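One structure is given here, and the rest of the page talks about it.
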Amino acid sequence: MTERPSSGMESEDWLDRWENGCTGWHEVDGNAGLKSHWNVDTGSVLVPLCGKSPDLLWLAKRGHEVVGIELAEKAIHEFFAEQGLNYLKVDGEAMPTFRSESLPLTLVCGDYFEFVGGPFDALYDRGSIVAINPAIRPDYVRQTKALLKPHASRLVIALEYDQDVVNGPPFSLLTDELSDYWQDLERVGVADDIDNCPPKFRAAGLTNIAEVVWRSSG
Ligand SMILES: C[S@@+](CC[C@H](N)C(=O)[O-])C[C@H]1O[C@@H](n2cnc3c(N)ncnc32)[C@H](O)[C@@H]1O
């Protein structure tokens, strides 16, 4: 296994959050930016660090072949239970893999950095790159690019705030850094996220946080 610097939030911390129900990032109704800005008609979609997001269901219902990767098996079971979907465990995969019986939707349980699959036609990233410590984001982006087709469509929903006031996760991702990773993404939407951010952010005095939607132009 390749050595990686600490993410600042270890696998155990994420699993503890799932065990203790500390999943404040979860959006019961899915993400508004996805519904407003998704412009891909067909093809497979990679969803890294997917949690139990209803966005997976939204994409699969549009006919996309959706593959989500998530560390916590608890999240995967909660996803299928909450969405009322039956699933099968797929035999013979390197990581535990669960497939919906009725929709083109597969959830893989394991470390995203170890995942092998694709290449995918599109990327949907919400709460994923911002969950990764900036120190290892280049590794995250390298892995993501390796899983995508060369001209894959991408929708990345990031957060912008002053990290001198409070530290992540979720970590801020400003335009310059994002442009280092993806040169061709356009800023297509911005929403005030102060009411949805972790309470510790407001307690630390943060007054501005923006949820920014970035989309590939192709
Ligand atoms: C902030 S949550 C976002 C979940 C989802 N994208 C959403 O919008 O609801 C980050 C998720 O990534 C998972 N995770 C963290 N590190 C991971 C890794 N290395 N591989 C796979 N999943 C990981 C966590 O368990 C958690 O569910």
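Identifiers in the structure tokens: chain A, B, ... in order shown; residue index from 1 per chain; ligand index from 1 in order shown.
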Next item on the list: Check every protein, DNA and RNA residue against ligand 1, keep those with an atom at most 7 Å away (counting only C-alpha atoms and all ligand atoms), and present them as a ChimeraX atom specification.
Entry: /A:11,14-15,18,25-27,48-53,69-72,75,110-113,125-128,131,170
Next item on the list: Enumerate as a ChimeraX atom specification all residues of stretch 23-102 of chain A assigned to strand (DSSP E) by DSSP on the backbone, naming them with the chain letters and numbers the document uses.
Entry: /A:44-47,65-70,87-90,97-100
Next item on the list: Please provide as number ranges by chain all residues within 7 Å of A:Ala60, with the sequence filter that same-chain residues fewer than 6 positions apart are discarded (counting only C-alpha atoms).
Entry: A: 66, 103-105
Please save C-alpha atoms of the selected residues as a PDB file, in the first residue's frame.
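Result saved to selection36.pdb:
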ATOM      1  CA  VAL A  66     -23.514   5.496 -10.873  1.00  0.00           C
ATOM      2  CA  LEU A 103     -31.309   1.011 -10.549  1.00  0.00           C
ATOM      3  CA  PRO A 104     -27.887   1.330 -12.225  1.00  0.00           C
ATOM      4  CA  LEU A 105     -26.259   2.123  -8.911  1.00  0.00           C
TER       5      LEU A 105
END
Notebook entry, point to check: Which neighbours of stretch 80-82 of chain A fall inside 10 Å, counting only C-alpha atoms, when residues of the same chain fewer than 2 positions from it are skipped, and could you give them as a PyMOL selection string?
Noted result: chain A and resi 28+52+54+57+75-78+84-87+98-100+107
Output the selection as a tab-separated table (two decimals), in the first residue's frame - N, CA and C atoms for each residue.
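Produced file part_21.tsv, reproduced below:
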chain	number	residue	atom	x	y	z
A	28	VAL	N	-30.49	15.75	3.48
A	28	VAL	CA	-31.59	14.78	3.34
A	28	VAL	C	-32.25	14.89	1.97
A	52	LYS	N	-24.00	8.78	2.22
A	52	LYS	CA	-25.30	8.16	1.88
A	52	LYS	C	-26.16	9.19	1.14
A	54	PRO	N	-28.46	11.31	-1.13
A	54	PRO	CA	-29.55	11.06	-2.08
A	54	PRO	C	-29.19	11.48	-3.50
A	57	LEU	N	-28.98	8.62	-5.85
A	57	LEU	CA	-30.27	8.17	-6.38
A	57	LEU	C	-30.73	9.08	-7.51
A	75	ALA	N	-22.71	3.60	6.23
A	75	ALA	CA	-23.30	4.61	5.35
A	75	ALA	C	-24.01	3.95	4.18
A	76	ILE	N	-23.38	2.92	3.64
A	76	ILE	CA	-23.93	2.23	2.48
A	76	ILE	C	-25.24	1.54	2.84
A	77	HIS	N	-25.25	0.86	3.97
A	77	HIS	CA	-26.49	0.18	4.39
A	77	HIS	C	-27.59	1.21	4.69
A	78	GLU	N	-27.20	2.31	5.32
A	78	GLU	CA	-28.20	3.36	5.61
A	78	GLU	C	-28.75	3.94	4.31
A	84	GLY	N	-35.10	3.02	0.38
A	84	GLY	CA	-36.04	1.94	0.09
A	84	GLY	C	-35.63	1.09	-1.10
A	85	LEU	N	-34.32	0.88	-1.24
A	85	LEU	CA	-33.81	0.11	-2.38
A	85	LEU	C	-33.28	-1.24	-1.91
A	86	ASN	N	-33.65	-2.29	-2.63
A	86	ASN	CA	-33.03	-3.60	-2.39
A	86	ASN	C	-31.69	-3.65	-3.10
A	87	TYR	N	-30.77	-4.42	-2.51
A	87	TYR	CA	-29.45	-4.51	-3.14
A	87	TYR	C	-28.88	-5.90	-2.98
A	98	PHE	N	-21.81	-3.31	-3.45
A	98	PHE	CA	-23.25	-3.48	-3.26
A	98	PHE	C	-23.97	-2.84	-4.44
A	99	ARG	N	-24.88	-3.60	-5.05
A	99	ARG	CA	-25.53	-3.10	-6.26
A	99	ARG	C	-27.03	-3.08	-6.07
A	100	SER	N	-27.64	-1.97	-6.45
A	100	SER	CA	-29.09	-1.87	-6.40
A	100	SER	C	-29.71	-2.89	-7.35
A	107	LEU	N	-22.45	0.76	-4.98
A	107	LEU	CA	-21.67	1.41	-3.93
A	107	LEU	C	-20.55	0.47	-3.50
Neighbour list for A:Thr175 as a CSV table (one decimal) with all heavy atoms, in the first residue's frame, cut-off 10 Å, only C-alpha atoms, skip fewer than 4 positions in-chain:
chain,number,residue,atom,x,y,z
A,158,ALA,N,-17.7,23.0,-4.2
A,158,ALA,CA,-16.6,23.3,-3.2
A,158,ALA,C,-17.1,24.3,-2.2
A,158,ALA,O,-18.2,24.9,-2.3
A,158,ALA,CB,-15.4,23.8,-3.9
A,160,GLU,N,-15.8,27.9,0.1
A,160,GLU,CA,-14.8,28.9,0.2
A,160,GLU,C,-15.1,29.7,1.5
A,160,GLU,O,-16.2,30.2,1.7
A,160,GLU,CB,-14.9,29.9,-1.0
A,160,GLU,CG,-14.6,29.3,-2.3
A,160,GLU,CD,-14.6,30.3,-3.5
A,160,GLU,OE1,-15.1,31.5,-3.3
A,160,GLU,OE2,-14.2,29.9,-4.6
A,179,SER,N,-8.0,25.7,-9.7
A,179,SER,CA,-7.5,25.9,-11.1
A,179,SER,C,-6.2,25.1,-11.3
A,179,SER,O,-5.9,24.8,-12.5
A,179,SER,CB,-7.4,27.4,-11.4
A,179,SER,OG,-8.6,28.0,-11.2
A,180,ASP,N,-5.4,24.9,-10.2
A,180,ASP,CA,-4.2,24.1,-10.4
A,180,ASP,C,-4.6,22.7,-10.7
A,180,ASP,O,-3.9,22.0,-11.4
A,180,ASP,CB,-3.4,24.1,-9.1
A,180,ASP,CG,-2.6,25.4,-8.9
A,180,ASP,OD1,-2.5,26.1,-9.9
A,180,ASP,OD2,-2.2,25.6,-7.8
A,185,LEU,N,-12.5,24.2,-15.5
A,185,LEU,CA,-13.8,24.3,-14.8
A,185,LEU,C,-14.3,25.8,-14.7
A,185,LEU,O,-13.5,26.7,-14.4
A,185,LEU,CB,-13.7,23.7,-13.4
A,185,LEU,CG,-13.4,22.3,-13.2
A,185,LEU,CD1,-13.7,21.8,-11.8
A,185,LEU,CD2,-14.2,21.4,-14.2
A,187,ARG,N,-17.0,28.6,-13.0
A,187,ARG,CA,-17.8,28.8,-11.8
A,187,ARG,C,-19.2,29.1,-12.2
A,187,ARG,O,-19.5,30.2,-12.8
A,187,ARG,CB,-17.1,30.1,-11.1
A,187,ARG,CG,-17.5,30.4,-9.7
A,187,ARG,CD,-16.6,31.6,-9.4
A,187,ARG,NE,-17.0,32.1,-8.1
A,187,ARG,CZ,-16.3,31.8,-7.0
A,187,ARG,NH1,-15.3,31.1,-7.0
A,187,ARG,NH2,-16.7,32.3,-5.8
A,212,VAL,N,-19.7,26.8,-3.8
A,212,VAL,CA,-19.4,27.2,-5.1
A,212,VAL,C,-19.5,26.0,-6.1
A,212,VAL,O,-19.0,24.9,-5.8
A,212,VAL,CB,-18.0,27.8,-5.3
A,212,VAL,CG1,-17.8,28.3,-6.7
A,212,VAL,CG2,-17.9,29.0,-4.3
A,214,TRP,N,-18.7,24.3,-9.5
A,214,TRP,CA,-17.7,24.4,-10.7
A,214,TRP,C,-18.1,23.3,-11.7
A,214,TRP,O,-18.4,22.2,-11.3
A,214,TRP,CB,-16.3,24.1,-10.2
A,214,TRP,CG,-15.7,25.2,-9.3
A,214,TRP,CD1,-15.8,25.2,-7.9
A,214,TRP,CD2,-15.1,26.3,-9.6
A,214,TRP,NE1,-15.2,26.3,-7.4
A,214,TRP,CE2,-14.7,27.0,-8.4
A,214,TRP,CE3,-14.7,26.9,-10.9
A,214,TRP,CZ2,-14.0,28.2,-8.4
A,214,TRP,CZ3,-14.0,28.1,-10.9
A,214,TRP,CH2,-13.7,28.8,-9.7
Notebook entry, point to check: Which residues, written as a PyMOL selection string, have at least one atom at most 10 Å from A:Leu155, with only C-alpha atoms counted and residues fewer than 5 positions away on the same chain left out?
Noted result: chain A and resi 33-34+37-40+122-126+185-186+188+213-217
Item checked: Which residue of A:Gly68, A:Gly189, A:Gly92, A:Pro138 approaches A:Val47 most closely, using only C-alpha atoms -> A:Gly68
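Across the model, the gap from atom CA of A:Pro134 to atom CA of A:Pro199 is 21.5 Å.
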Notebook entry, point to check: Which neighbours of A:Gly117 fall inside 10 Å, counting only C-alpha atoms, when residues of the same chain fewer than 6 positions from it are skipped, and could you give them as a PyMOL selection string?
Noted result: chain A and resi 46+67+146-148
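Closest approach to A:Glu73 among A:Val45, A:Cys109, A:Leu206, A:Val130: A:Cys109, based on only C-alpha atoms.
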Margin query: Could you go through chain A and tell me which residues DSSP, when run on the backbone, assigns to alpha helix (DSSP H), listing them as a PyMOL selection string?
Written below: chain A and resi 11-20+32-37+55-61+73-82+137-147+175-181+199-203
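If you measure from each of A:Lys74, A:Lys35, A:Arg17, A:Arg137 to A:Glu177 using only C-alpha atoms, the closest one turns out to be A:Arg137.
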Checklist line | Between atom CA of A:Asn133 and atom CA of A:Pro169 - distance in Å to one decimal | finding: 7.4 Å
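Proximity to A:His64 was assessed for A:Phe120, A:Gly21, A:Gln83, A:Met95 counting only C-alpha atoms; the smallest distance is recorded for A:Phe120.
Between atom CA of A:Asp41 and atom CA of A:Gly118 the separation is 17.9 Å.
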